[in-house]
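Engineer: Just so it is clear, I am handing over start_11.txt, which has compact mmCIF, C-alpha atoms and all ligand atoms.
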# COMPACT_ATOMS: atom_id res chain seq x y z
CA MET M 1 26.69 -3.05 -1.48
CA ARG M 2 30.45 -2.53 -1.48
CA VAL M 3 30.60 -4.09 -4.96
CA LEU M 4 27.76 -1.85 -6.11
CA ALA M 5 29.63 1.20 -4.73
CA ARG M 6 32.72 0.31 -6.78
CA ASP M 7 30.53 -0.24 -9.87
CA VAL M 8 28.79 3.09 -9.56
CA ALA M 9 32.09 4.91 -8.99
CA GLN M 10 33.58 3.14 -12.01
CA GLU M 11 30.59 4.07 -14.19
CA PHE M 12 30.99 7.65 -12.98
CA GLY M 13 34.69 7.63 -13.89
CA CYS M 14 33.91 6.39 -17.42
CA ARG M 15 31.21 9.02 -18.02
CA PHE M 16 32.64 12.06 -16.30
CA GLY M 17 36.38 11.31 -15.98
CA ARG M 18 36.83 12.16 -12.33
CA GLN M 19 36.64 10.67 -8.87
CA PRO M 20 33.19 10.89 -7.17
CA THR M 21 31.93 10.59 -3.63
CA VAL M 22 29.26 7.88 -3.18
CA SER M 23 26.15 8.60 -1.12
CA ARG M 24 23.83 5.82 0.03
CA ALA M 25 20.22 5.86 1.22
CA PRO M 26 18.21 2.71 1.91
CA GLY M 27 14.76 1.49 0.98
CA ARG M 28 12.55 0.43 3.86
CA VAL M 29 10.07 -2.12 5.05
CA ASN M 30 7.24 -0.95 7.26
CA LEU M 31 6.49 -3.42 10.07
CA ILE M 32 3.21 -1.76 10.95
CA GLY M 33 1.42 1.60 10.68
CA GLU M 34 0.12 2.00 7.11
CA HIS M 35 -1.19 5.38 5.87
CA THR M 36 -0.96 6.67 9.45
CA ASP M 37 1.97 9.01 8.72
CA TYR M 38 -0.04 11.67 6.87
CA ASN M 39 -2.63 11.46 9.67
CA ASP M 40 0.00 12.69 12.17
CA GLY M 41 0.11 9.17 13.63
CA PHE M 42 2.59 6.40 14.41
CA VAL M 43 4.59 4.12 12.11
CA MET M 44 7.26 1.47 12.67
CA PRO M 45 9.52 1.00 9.63
CA ALA M 46 13.05 -0.35 9.37
CA ALA M 47 15.67 0.75 6.83
CA LEU M 48 16.83 -2.10 4.58
CA GLU M 49 20.17 -3.26 3.22
CA PHE M 50 18.66 -2.62 -0.23
CA ALA M 51 19.71 0.91 -1.09
CA THR M 52 20.24 3.53 -3.76
CA LEU M 53 23.74 4.83 -4.40
CA VAL M 54 24.54 8.16 -5.99
CA ALA M 55 28.06 8.87 -7.20
CA ALA M 56 28.61 12.62 -7.40
CA ALA M 57 31.14 15.36 -8.09
CA PRO M 58 30.57 19.11 -8.27
CA ARG M 59 30.55 21.11 -11.52
CA PRO M 60 31.70 24.71 -11.81
CA ASP M 61 28.30 25.78 -13.22
CA ARG M 62 24.68 25.34 -12.09
CA ARG M 63 23.83 22.29 -14.22
CA ILE M 64 22.89 18.91 -12.85
CA GLN M 65 23.59 15.96 -15.13
CA VAL M 66 22.43 12.52 -14.04
CA TYR M 67 22.66 9.03 -15.45
CA SER M 68 20.50 6.24 -13.97
CA ILE M 69 22.03 2.81 -14.53
CA ILE M 70 18.74 0.97 -14.04
CA MET M 71 16.92 3.23 -16.53
CA GLY M 72 19.87 3.39 -18.93
CA GLU M 73 19.04 7.07 -19.40
CA SER M 74 20.62 10.50 -18.84
CA ARG M 75 18.84 13.73 -17.91
CA ALA M 76 20.05 17.30 -17.44
CA PHE M 77 18.67 20.17 -15.43
CA ASP M 78 19.53 23.82 -14.89
CA LEU M 79 19.24 24.99 -11.28
CA ASP M 80 18.54 28.52 -12.54
CA ALA M 81 15.74 27.45 -14.90
CA PRO M 82 14.13 24.39 -13.26
CA ALA M 83 11.55 22.47 -15.31
CA GLU M 84 9.57 19.29 -14.66
CA THR M 85 10.36 16.34 -16.92
CA GLY M 86 7.40 14.07 -16.05
CA ASP M 87 9.64 11.02 -15.57
CA TRP M 88 11.96 9.40 -13.03
CA SER M 89 14.30 12.38 -12.90
CA ASP M 90 11.56 14.50 -11.26
CA TYR M 91 12.33 12.73 -7.96
CA LEU M 92 15.93 13.98 -8.12
CA PHE M 93 15.36 17.39 -9.69
CA GLY M 94 12.44 17.98 -7.31
CA VAL M 95 14.82 17.39 -4.40
CA ALA M 96 17.30 19.88 -5.89
CA VAL M 97 14.54 22.50 -6.25
CA MET M 98 13.25 21.96 -2.71
CA LEU M 99 16.79 22.04 -1.22
CA GLU M 100 17.33 25.41 -2.89
CA ARG M 101 13.92 26.69 -1.75
CA SER M 102 14.92 25.75 1.81
CA GLY M 103 17.82 28.21 1.51
CA ARG M 104 20.56 25.71 0.69
CA ARG M 105 22.41 27.04 -2.36
CA LEU M 106 23.65 24.13 -4.46
CA SER M 107 26.49 23.91 -6.89
CA GLY M 108 25.97 22.03 -10.16
CA ALA M 109 26.85 18.34 -10.09
CA ASP M 110 27.41 15.26 -12.23
CA LEU M 111 25.66 12.18 -10.84
CA VAL M 112 25.34 8.46 -11.48
CA VAL M 113 22.48 6.59 -9.75
CA SER M 114 22.43 2.88 -9.03
CA THR M 115 20.02 0.85 -6.91
CA ASP M 116 19.16 -2.63 -5.73
CA VAL M 117 15.81 -1.56 -4.20
CA PRO M 118 13.09 -3.19 -6.32
CA LEU M 119 11.26 -0.34 -8.11
CA GLY M 120 7.53 0.14 -7.50
CA SER M 121 7.24 -2.74 -5.02
CA GLY M 122 6.37 -0.80 -1.88
CA LEU M 123 9.93 -0.85 -0.49
CA SER M 124 10.27 2.85 -1.30
CA SER M 125 12.80 3.10 -4.06
CA SER M 126 11.39 6.61 -4.51
CA ALA M 127 12.46 7.78 -1.03
CA ALA M 128 15.80 5.99 -1.42
CA LEU M 129 16.35 7.97 -4.64
CA GLU M 130 15.28 11.25 -3.05
CA VAL M 131 17.35 10.92 0.11
CA SER M 132 20.47 9.58 -1.62
CA SER M 133 20.19 12.42 -4.17
CA ALA M 134 19.85 14.98 -1.39
CA HIS M 135 22.90 13.54 0.35
CA ALA M 136 24.89 13.59 -2.89
CA LEU M 137 23.86 17.14 -3.86
CA LEU M 138 24.62 18.48 -0.37
CA THR M 139 27.98 16.70 -0.28
CA ALA M 140 28.91 18.09 -3.72
CA SER M 141 27.95 21.56 -2.47
CA GLY M 142 29.93 21.25 0.78
CA LEU M 143 26.74 21.48 2.86
CA PRO M 144 25.78 19.36 5.90
CA PHE M 145 23.20 16.56 5.70
CA GLU M 146 20.63 17.20 8.46
CA PRO M 147 18.57 13.99 8.45
CA ILE M 148 15.15 15.15 9.65
CA ALA M 149 15.23 18.46 7.77
CA VAL M 150 16.29 16.60 4.61
CA ALA M 151 13.51 14.02 5.08
CA LYS M 152 10.96 16.87 5.13
CA ILE M 153 12.48 18.46 2.03
CA CYS M 154 12.39 15.12 0.17
CA GLN M 155 8.76 14.56 1.17
CA LYS M 156 7.92 18.02 -0.17
CA ALA M 157 9.64 17.17 -3.45
CA GLU M 158 7.51 14.02 -3.82
CA ASN M 159 4.33 15.88 -2.78
CA ASP M 160 4.74 19.04 -4.84
CA TYR M 161 7.03 18.04 -7.68
CA VAL M 162 6.03 14.42 -8.38
CA GLY M 163 2.42 14.88 -7.23
CA MET M 164 2.35 11.94 -4.79
CA ARG M 165 0.85 13.12 -1.48
CA CYS M 166 2.92 10.70 0.62
CA GLY M 167 3.56 11.16 4.34
CA ILE M 168 6.99 11.51 5.96
CA MET M 169 7.66 7.86 6.87
CA ASP M 170 9.73 6.67 3.91
CA GLN M 171 12.04 9.67 3.73
CA TYR M 172 12.42 9.77 7.52
CA VAL M 173 13.54 6.18 7.93
CA SER M 174 15.74 6.33 4.82
CA ALA M 175 17.51 9.33 6.36
CA CYS M 176 17.52 8.24 10.02
CA GLY M 177 17.42 4.41 10.05
CA VAL M 178 19.45 2.46 12.62
CA ALA M 179 21.05 -0.95 12.02
CA GLY M 180 19.42 -3.72 14.04
CA ALA M 181 16.31 -1.70 14.91
CA ALA M 182 12.98 -0.53 13.60
CA LEU M 183 12.03 3.10 14.30
CA LEU M 184 8.86 4.02 16.14
CA ILE M 185 8.20 7.39 14.53
CA ASP M 186 5.73 9.92 15.88
CA CYS M 187 4.84 11.63 12.61
CA ARG M 188 3.47 14.68 14.43
CA THR M 189 6.48 15.55 16.57
CA LEU M 190 8.99 13.83 14.21
CA GLU M 191 10.61 12.18 17.22
CA SER M 192 11.58 8.53 17.01
CA ARG M 193 12.53 5.67 19.30
CA ASN M 194 14.65 2.65 18.35
CA VAL M 195 12.83 -0.66 18.61
CA PRO M 196 15.52 -3.37 18.52
CA ILE M 197 14.77 -6.42 16.38
CA ALA M 198 15.90 -9.44 18.41
CA SER M 199 18.59 -11.61 16.81
CA ASN M 200 16.28 -14.64 16.76
CA LEU M 201 13.72 -12.69 14.67
CA ARG M 202 13.79 -12.12 10.92
CA LEU M 203 11.87 -9.75 8.68
CA LEU M 204 10.86 -11.77 5.64
CA VAL M 205 9.73 -9.67 2.69
CA ALA M 206 7.80 -11.32 -0.15
CA ASN M 207 7.32 -9.37 -3.39
CA SER M 208 4.07 -10.28 -5.15
CA GLY M 209 5.37 -8.76 -8.38
CA VAL M 210 1.97 -7.09 -8.76
CA ARG M 211 1.68 -3.34 -9.18
CA HIS M 212 -1.73 -1.93 -9.96
CA GLN M 213 -2.07 1.06 -12.24
CA HIS M 214 -3.62 4.12 -10.62
CA ALA M 215 -1.98 3.20 -7.28
CA GLY M 216 -0.83 6.82 -6.92
CA GLY M 217 -4.36 8.14 -7.54
CA GLU M 218 -5.88 5.65 -5.10
CA TYR M 219 -3.28 6.65 -2.50
CA ASN M 220 -4.22 10.31 -2.82
CA ALA M 221 -7.93 9.37 -2.65
CA ARG M 222 -7.36 7.60 0.71
CA ARG M 223 -5.67 10.71 2.01
CA GLU M 224 -8.64 12.84 0.95
CA ALA M 225 -11.06 10.44 2.69
CA CYS M 226 -9.10 10.86 5.94
CA GLU M 227 -9.19 14.65 5.59
CA GLU M 228 -12.94 14.49 4.96
CA GLY M 229 -13.33 12.39 8.12
CA VAL M 230 -11.53 15.02 10.20
CA ARG M 231 -13.70 17.79 8.69
CA LEU M 232 -16.93 15.91 9.52
CA LEU M 233 -15.82 14.96 13.04
CA LYS M 234 -14.70 18.45 14.01
CA PRO M 235 -18.13 19.78 15.05
CA ALA M 236 -18.44 16.92 17.58
CA LEU M 237 -14.83 16.56 18.71
CA GLY M 238 -13.63 20.15 18.80
CA PRO M 239 -10.27 21.38 17.55
CA ILE M 240 -8.88 18.11 16.18
CA LYS M 241 -6.14 18.54 13.58
CA ALA M 242 -5.85 14.99 12.26
CA LEU M 243 -7.12 11.44 12.84
CA ARG M 244 -4.23 11.14 15.29
CA ASP M 245 -6.45 13.11 17.67
CA VAL M 246 -9.36 10.65 17.41
CA THR M 247 -9.53 7.59 19.65
CA PRO M 248 -11.34 4.41 18.51
CA GLN M 249 -13.96 5.14 21.20
CA ALA M 250 -14.55 8.72 19.97
CA LEU M 251 -14.91 7.46 16.40
CA GLU M 252 -17.51 4.85 17.43
CA ALA M 253 -19.46 7.41 19.45
CA ASN M 254 -19.68 9.70 16.39
CA ARG M 255 -19.92 7.25 13.52
CA LYS M 256 -23.35 8.60 12.52
CA LEU M 257 -21.65 11.82 11.41
CA LEU M 258 -19.77 9.97 8.69
CA PRO M 259 -20.83 8.28 5.44
CA HIS M 260 -20.09 4.56 5.87
CA LEU M 261 -17.12 4.56 3.49
CA ILE M 262 -15.45 7.51 5.26
CA TYR M 263 -16.15 5.83 8.61
CA ARG M 264 -14.36 2.67 7.48
CA ARG M 265 -11.37 4.64 6.17
CA CYS M 266 -11.14 6.47 9.53
CA ARG M 267 -11.56 3.24 11.48
CA HIS M 268 -8.47 1.81 9.78
CA ILE M 269 -6.37 4.80 10.80
CA VAL M 270 -7.49 5.10 14.42
CA THR M 271 -7.19 1.37 15.10
CA GLU M 272 -3.87 1.17 13.21
CA ASN M 273 -2.34 3.86 15.43
CA ALA M 274 -3.26 1.76 18.48
CA ARG M 275 -1.79 -1.36 16.84
CA VAL M 276 1.55 0.35 16.17
CA LEU M 277 1.96 1.21 19.85
CA GLU M 278 0.92 -2.31 20.83
CA ALA M 279 3.48 -3.79 18.40
CA GLU M 280 6.22 -1.59 19.87
CA ARG M 281 5.31 -2.69 23.39
CA ALA M 282 5.23 -6.34 22.34
CA LEU M 283 8.59 -6.26 20.52
CA ILE M 284 10.32 -4.60 23.46
CA ALA M 285 8.77 -7.12 25.88
CA GLY M 286 9.88 -10.02 23.64
CA ASP M 287 6.22 -10.93 23.13
CA PHE M 288 6.57 -11.70 19.42
CA ALA M 289 3.23 -13.52 19.31
CA ALA M 290 1.42 -10.34 20.39
CA CYS M 291 3.31 -8.32 17.79
CA GLY M 292 2.19 -10.88 15.20
CA VAL M 293 -1.44 -10.55 16.29
CA ALA M 294 -1.22 -6.78 15.71
CA MET M 295 0.35 -7.31 12.28
CA ASN M 296 -2.36 -9.77 11.22
CA ALA M 297 -5.08 -7.37 12.42
CA SER M 298 -3.37 -4.58 10.48
CA HIS M 299 -3.59 -6.64 7.30
CA ALA M 300 -7.28 -7.36 7.84
CA SER M 301 -7.93 -3.65 8.43
CA MET M 302 -6.08 -2.66 5.24
CA ARG M 303 -8.00 -5.33 3.31
CA ASP M 304 -11.50 -4.71 4.68
CA ASP M 305 -11.65 -1.09 5.87
CA PHE M 306 -9.00 0.81 3.93
CA GLU M 307 -9.25 -1.44 0.84
CA ILE M 308 -5.65 -1.05 -0.29
CA THR M 309 -4.67 -4.70 -0.67
CA CYS M 310 -5.23 -6.96 -3.69
CA PRO M 311 -5.86 -10.72 -4.04
CA GLU M 312 -2.19 -11.56 -4.58
CA VAL M 313 -0.90 -9.83 -1.43
CA ASP M 314 -3.89 -11.14 0.53
CA PHE M 315 -2.86 -14.62 -0.58
CA LEU M 316 0.77 -14.14 0.47
CA ALA M 317 -0.14 -12.65 3.86
CA GLU M 318 -2.72 -15.33 4.64
CA LEU M 319 -0.37 -18.13 3.57
CA ALA M 320 2.38 -16.76 5.83
CA GLN M 321 -0.04 -16.31 8.73
CA ALA M 322 -0.91 -20.03 8.51
CA THR M 323 2.74 -21.19 8.36
CA PRO M 324 4.56 -22.46 11.49
CA GLY M 325 7.42 -20.19 12.59
CA VAL M 326 5.58 -17.04 11.43
CA PHE M 327 4.38 -14.70 14.22
CA GLY M 328 2.47 -12.38 11.91
CA SER M 329 2.25 -11.13 8.34
CA ARG M 330 0.80 -8.15 6.51
CA MET M 331 1.06 -6.08 3.36
CA THR M 332 3.72 -3.39 3.66
CA GLY M 333 3.82 -0.06 1.82
CA GLY M 334 1.23 2.17 0.21
CA GLY M 335 -0.75 -0.71 -1.27
CA PHE M 336 -2.44 -1.96 -4.45
CA GLY M 337 0.21 -4.64 -4.91
CA GLY M 338 3.81 -4.78 -3.74
CA CYS M 339 5.21 -6.74 -0.83
CA THR M 340 4.23 -8.47 2.38
CA VAL M 341 6.37 -8.47 5.52
CA SER M 342 6.35 -11.40 7.92
CA LEU M 343 7.85 -11.58 11.39
CA VAL M 344 9.57 -14.97 11.41
CA GLU M 345 11.54 -17.07 13.87
CA ALA M 346 15.12 -17.04 12.57
CA SER M 347 15.37 -20.84 12.53
CA ALA M 348 12.28 -21.12 10.29
CA VAL M 349 13.25 -18.60 7.60
CA LYS M 350 14.36 -21.08 4.93
CA GLN M 351 11.28 -23.26 5.30
CA VAL M 352 8.88 -20.30 5.36
CA SER M 353 10.51 -18.79 2.25
CA GLN M 354 10.05 -22.02 0.31
CA ILE M 355 6.44 -22.37 1.41
CA LEU M 356 5.70 -18.82 0.22
CA ILE M 357 7.42 -19.32 -3.14
CA ASP M 358 5.79 -22.70 -3.82
CA GLY M 359 2.38 -21.71 -2.48
CA TYR M 360 2.27 -18.46 -4.47
CA ARG M 361 3.13 -20.29 -7.68
CA VAL M 362 0.35 -22.83 -7.14
CA GLY M 363 -2.20 -20.36 -5.73
CA CYS M 364 -1.64 -17.34 -7.98
CA GLY M 365 0.35 -18.73 -10.89
CA ARG M 366 3.13 -16.21 -10.34
CA ASP M 367 6.67 -16.12 -8.96
CA ALA M 368 7.32 -14.33 -5.66
CA GLU M 369 10.73 -13.01 -4.71
CA VAL M 370 11.44 -13.52 -1.01
CA PHE M 371 14.07 -11.53 0.90
CA ASP M 372 15.44 -12.24 4.38
CA CYS M 373 16.03 -8.67 5.58
CA SER M 374 18.08 -7.05 8.34
CA PRO M 375 17.48 -3.47 9.48
CA SER M 376 20.32 -1.24 8.25
CA ASP M 377 21.56 2.29 8.88
CA GLY M 378 20.05 5.34 7.21
CA ALA M 379 21.74 7.62 4.69
CA GLY M 380 25.46 8.25 4.66
CA LEU M 381 28.65 8.38 2.66
CA ILE M 382 30.19 5.09 1.54
CA PRO M 383 33.98 4.94 1.91
CA LEU M 384 35.47 3.78 -1.40
P1 LIG N 1 8.35 2.55 -4.62
O1 LIG N 1 8.75 3.79 -3.91
O2 LIG N 1 7.45 1.67 -3.82
O3 LIG N 1 9.51 1.77 -5.16
P2 LIG N 1 7.24 4.48 -6.42
O4 LIG N 1 6.28 4.38 -7.57
O5 LIG N 1 6.91 5.40 -5.33
O6 LIG N 1 7.47 3.00 -5.88
O7 LIG N 1 8.66 4.90 -6.98
C1 LIG N 1 9.23 4.20 -8.07
C2 LIG N 1 9.74 5.20 -9.09
O8 LIG N 1 10.89 5.89 -8.56
C3 LIG N 1 10.24 4.55 -10.36
O9 LIG N 1 9.18 4.31 -11.26
C4 LIG N 1 11.22 5.61 -10.88
O10 LIG N 1 10.52 6.65 -11.53
C5 LIG N 1 11.81 6.17 -9.60
N1 LIG N 1 13.10 5.55 -9.27
C6 LIG N 1 13.42 4.89 -8.14
N2 LIG N 1 14.71 4.48 -8.16
C7 LIG N 1 15.24 4.91 -9.32
C8 LIG N 1 16.53 4.82 -9.95
N3 LIG N 1 17.56 4.17 -9.36
N4 LIG N 1 16.70 5.40 -11.16
C9 LIG N 1 15.69 6.05 -11.74
N5 LIG N 1 14.46 6.16 -11.23
C10 LIG N 1 14.21 5.60 -10.03
MG MG N 2 7.45 5.38 -3.31
What does this structure look like when you write it as structure tokens?

Structural biologist:
Amino acid sequence: MRVLARDVAQEFGCRFGRQPTVSRAPGRVNLIGEHTDYNDGFVMPAALEFATLVAAAPRPDRRIQVYSIIMGESRAFDLDAPAETGDWSDYLFGVAVMLERSGRRLSGADLVVSTDVPLGSGLSSSAALEVSSAHALLTASGLPFEPIAVAKICQKAENDYVGMRCGIMDQYVSACGVAGAALLIDCRTLESRNVPIASNLRLLVANSGVRHQHAGGEYNARREACEEGVRLLKPALGPIKALRDVTPQALEANRKLLPHLIYRRCRHIVTENARVLEAERALIAGDFAACGVAMNASHASMRDDFEITCPEVDFLAELAQATPGVFGSRMTGGGFGGCTVSLVEASAVKQVSQILIDGYRVGCGRDAEVFDCSPSDGAGLIPL
């Protein structure tokens, strides 16, 4: 990442002829708790060493000029006449708009963006771009970076400007991550607890390389199904605000109120919330096997009830689950392709990686990228 920081600063110097600051915000892997964030529930992600860097320097006017190295493209934007572009720059310009709407007056800025988070793979390159952009814009404007407030602003940008109705998880952990730990986030109160990842444990991420079209639309449809479930359960359960307020027992007792599909969507959420808390307990107790059981059950629930997996990630998760040295494995991220995450004994990482790569090639005829990940810190400035 140090090398990448020098590269992005150098690119900035060539394009804009001055010395930038470099802001960093990481991608993330979610250990457990999928689609629970927008249901006011629990999640347990870790920030990754993969991150997005934004080199930045202020301008005397109110223009924002940005070059993305990975896209090979420049875009410009006027803070006094904001317009949507319909492409990648909406993530960044949306953040600028929402920062201003929150009362933070920005100065113009020149920016160069660089990343090593795989794009569109469920490791949240979008949140890494939003949070690193927010950090860069605030730094260029001489304003403080308040992690939780910024996470909410970035989520609003993705919801209202990009049109993806994501929850708060990705932006929260990108802003607030802690090296060596996952975060147990209560998405209702926005409080979090560190859940240390023991040194003899590894988080092995396998990228299926599959990304289904319409994933964004399917994501929003799942969110609507959860909202419909709350609406239909209200007459029986009283003033519930979200599926967070529904226990598995209460859902079972009232399942007749729900069409079967809505019932299954709700069942994923209410059982997933319980699994997140169980995984936290197990990790803290050093009971990695129990954490693995919760992860495997989470995958089955996403596959059968929430229907957000696909054959390729099912294959990777099931192969990992059957491999010695793996405690548990599941799809991670919003779904419809992307990555799996496996909780692996450190000494078995090399062997497990090879089994996943070879098995995926034989079973699915595709190449998987496998990453041995360590939880990293959330957003900050990189010293040059
Ligand atoms: P994920 O968040 O899982 O990586 P998303 O579809 O939510 O997938 O976000 C990916 C999109 O974010 C990309 O298609 C692109 O528009 C934008 N993006 C992320 N990082 C960058 C970057 N460094 N430069 C330009 N666009 C980026
Ligand atoms: Mg995303």

Engineer: Using Å and a single decimal, report how far CA of Cys373 (chain M) sits from CA of Leu31 (chain M).

Structural biologist: 11.8 Å

Engineer: Show which residues sit within 12 Å of Glu73 (chain M), as a compact mmCIF listing (two decimals) with C-alpha atoms, keeping the file's coordinate frame. Count only C-alpha atoms, and ignore same-chain residues fewer than 2 positions away.

Structural biologist:
# COMPACT_ATOMS: atom_id res chain seq x y z
CA GLN M 65 23.59 15.96 -15.13
CA VAL M 66 22.43 12.52 -14.04
CA TYR M 67 22.66 9.03 -15.45
CA SER M 68 20.50 6.24 -13.97
CA ILE M 69 22.03 2.81 -14.53
CA ILE M 70 18.74 0.97 -14.04
CA MET M 71 16.92 3.23 -16.53
CA ARG M 75 18.84 13.73 -17.91
CA ALA M 76 20.05 17.30 -17.44
CA ASP M 87 9.64 11.02 -15.57
CA TRP M 88 11.96 9.40 -13.03
CA SER M 89 14.30 12.38 -12.90
CA LEU M 111 25.66 12.18 -10.84
CA VAL M 112 25.34 8.46 -11.48
CA VAL M 113 22.48 6.59 -9.75
CA SER M 114 22.43 2.88 -9.03

Engineer: Could the residues that lie within 9 Å of ligand LIG 1 (chain N), counting all atoms listed in the file, be listed as a ChimeraX atom specification?

Structural biologist: /M:27,52-54,67-73,87-92,113-130,158,164,166,170,215-216,333-335,338

Engineer: Would you mind telling me which residue in M:Cys187, M:Leu137, M:Ile64, M:Val29 lies nearest to Leu381 (chain M) when using only C-alpha atoms?

Structural biologist: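 Comparing M:Cys187, M:Leu137, M:Ile64, M:Val29 against Leu381 (chain M), the winner is M:Leu137.
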
Engineer: List the spatial neighbours of Tyr263 (chain M) as a list in words - criterion: any atom at most 10 Å away, all atoms listed in the file, same-chain residues fewer than 5 positions off excluded.

Structural biologist: Ala225, Cys226, Glu228, Gly229, Leu251, Glu252, Asn254, Arg255, Lys256, Leu257, Leu258, His268, Asp305 and Phe306 of chain M

Engineer: Of the residues M:Arg222, M:Arg62, M:His35, M:Arg366, which is the one nearest to Leu261 (chain M), using only C-alpha atoms?

Structural biologist: M:Arg222

Engineer: Go through M:Thr85, M:Asn159, M:Thr21, M:Asn207 and flag the residue nearest ligand MG 2 (chain N), using only C-alpha atoms and all ligand atoms for the distances.

Structural biologist: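 Under the stated criterion, the closest residue is M:Asn159.
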
Engineer: How far is it from CA of Pro26 (chain M) to CA of Ser374 (chain M), in Å with one decimal?

Structural biologist: 11.7 Å

Engineer: Within 8 Å of region 282-285 of chain M, counting all atoms listed in the file, which residues show up once you throw out same-chain ones fewer than 3 positions away? Write them as a PyMOL selection string, please.

Structural biologist: chain M and resi 195-197+278-279+288+290-291

Engineer: Check the smallest atom-to-atom distance from each of M:Gly167, M:Pro60, M:Pro20, M:Gly86 to ligand MG 2 (chain N) using all atoms listed in the file, then report the winner.

Structural biologist: M:Gly167

Engineer: From the options M:Gly94, M:Asn296, M:Pro259, M:Thr139, which residue's atoms come nearest to Pro82 (chain M), counting only C-alpha atoms?

Structural biologist: M:Gly94

Engineer: What is the distance between CA of Ser141 (chain M) and CA of Ile382 (chain M), in Å to one decimal?

Structural biologist: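 About the pair CA of Ser141 (chain M) and CA of Ile382 (chain M): they are 17.1 Å apart.
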
Engineer: How big is the axis-aligned box around all listed atoms of region 277-293 of chain M once 4 Å goes on each side, and where's its centre, in Å to one decimal, as JSON?

Structural biologist:
{"center_x": 4.4, "center_y": -6.2, "center_z": 20.5, "size_x": 19.8, "size_y": 22.7, "size_z": 18.7}

Engineer: Neighbouring residues of Ser174 (chain M) were defined as those with any atom within 6 Å, considering all atoms listed in the file; residues of the same chain fewer than 6 positions away were excluded. Please report them as a list in words.

Structural biologist: Ala25, Pro26, Ala47 and Gly378 of chain M

Engineer: May I have the residues within 7 Å of Gly33 (chain M) as a list in words, using only C-alpha atoms and disregarding those fewer than 2 positions away in the same chain?

Structural biologist: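 Contacts, with the query itself left out: His35, Thr36, Phe42, Val43, Met44, Glu272, Asn273 and Val276 of chain M.
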
Engineer: Write the selection just made, keeping C-alpha atoms, as a PDB file, keeping the file's coordinate frame?

Structural biologist:
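And here is the file that came out, result.pdb:
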ATOM      1  CA  HIS M  35      -1.190   5.380   5.870  1.00  0.00           C
ATOM      2  CA  THR M  36      -0.960   6.670   9.450  1.00  0.00           C
ATOM      3  CA  PHE M  42       2.590   6.400  14.410  1.00  0.00           C
ATOM      4  CA  VAL M  43       4.590   4.120  12.110  1.00  0.00           C
ATOM      5  CA  MET M  44       7.260   1.470  12.670  1.00  0.00           C
ATOM      6  CA  GLU M 272      -3.870   1.170  13.210  1.00  0.00           C
ATOM      7  CA  ASN M 273      -2.340   3.860  15.430  1.00  0.00           C
ATOM      8  CA  VAL M 276       1.550   0.350  16.170  1.00  0.00           C
TER       9      VAL M 276
END

Engineer: So which residues fall inside 10 Å of (3.8, -10.8, -7.1) if we count all atoms listed in the file? Mind giving them as a list of chain:residue names?

Structural biologist: M:Ser121, M:Ala206, M:Asn207, M:Ser208, M:Gly209, M:Val210, M:Arg211, M:Glu312, M:Val313, M:Leu316, M:Gly337, M:Gly338, M:Cys339, M:Thr340, M:Tyr360, M:Arg361, M:Cys364, M:Gly365, M:Arg366, M:Asp367, M:Ala368, M:Glu369

Engineer: Counting only C-alpha atoms and all ligand atoms, figure out which residue out of M:Ile168, M:Arg265, M:Asp7, M:Asn200 gets nearest to ligand MG 2 (chain N).

Structural biologist: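 Counting only C-alpha atoms and all ligand atoms, the residue closest to ligand MG 2 (chain N) is M:Ile168.
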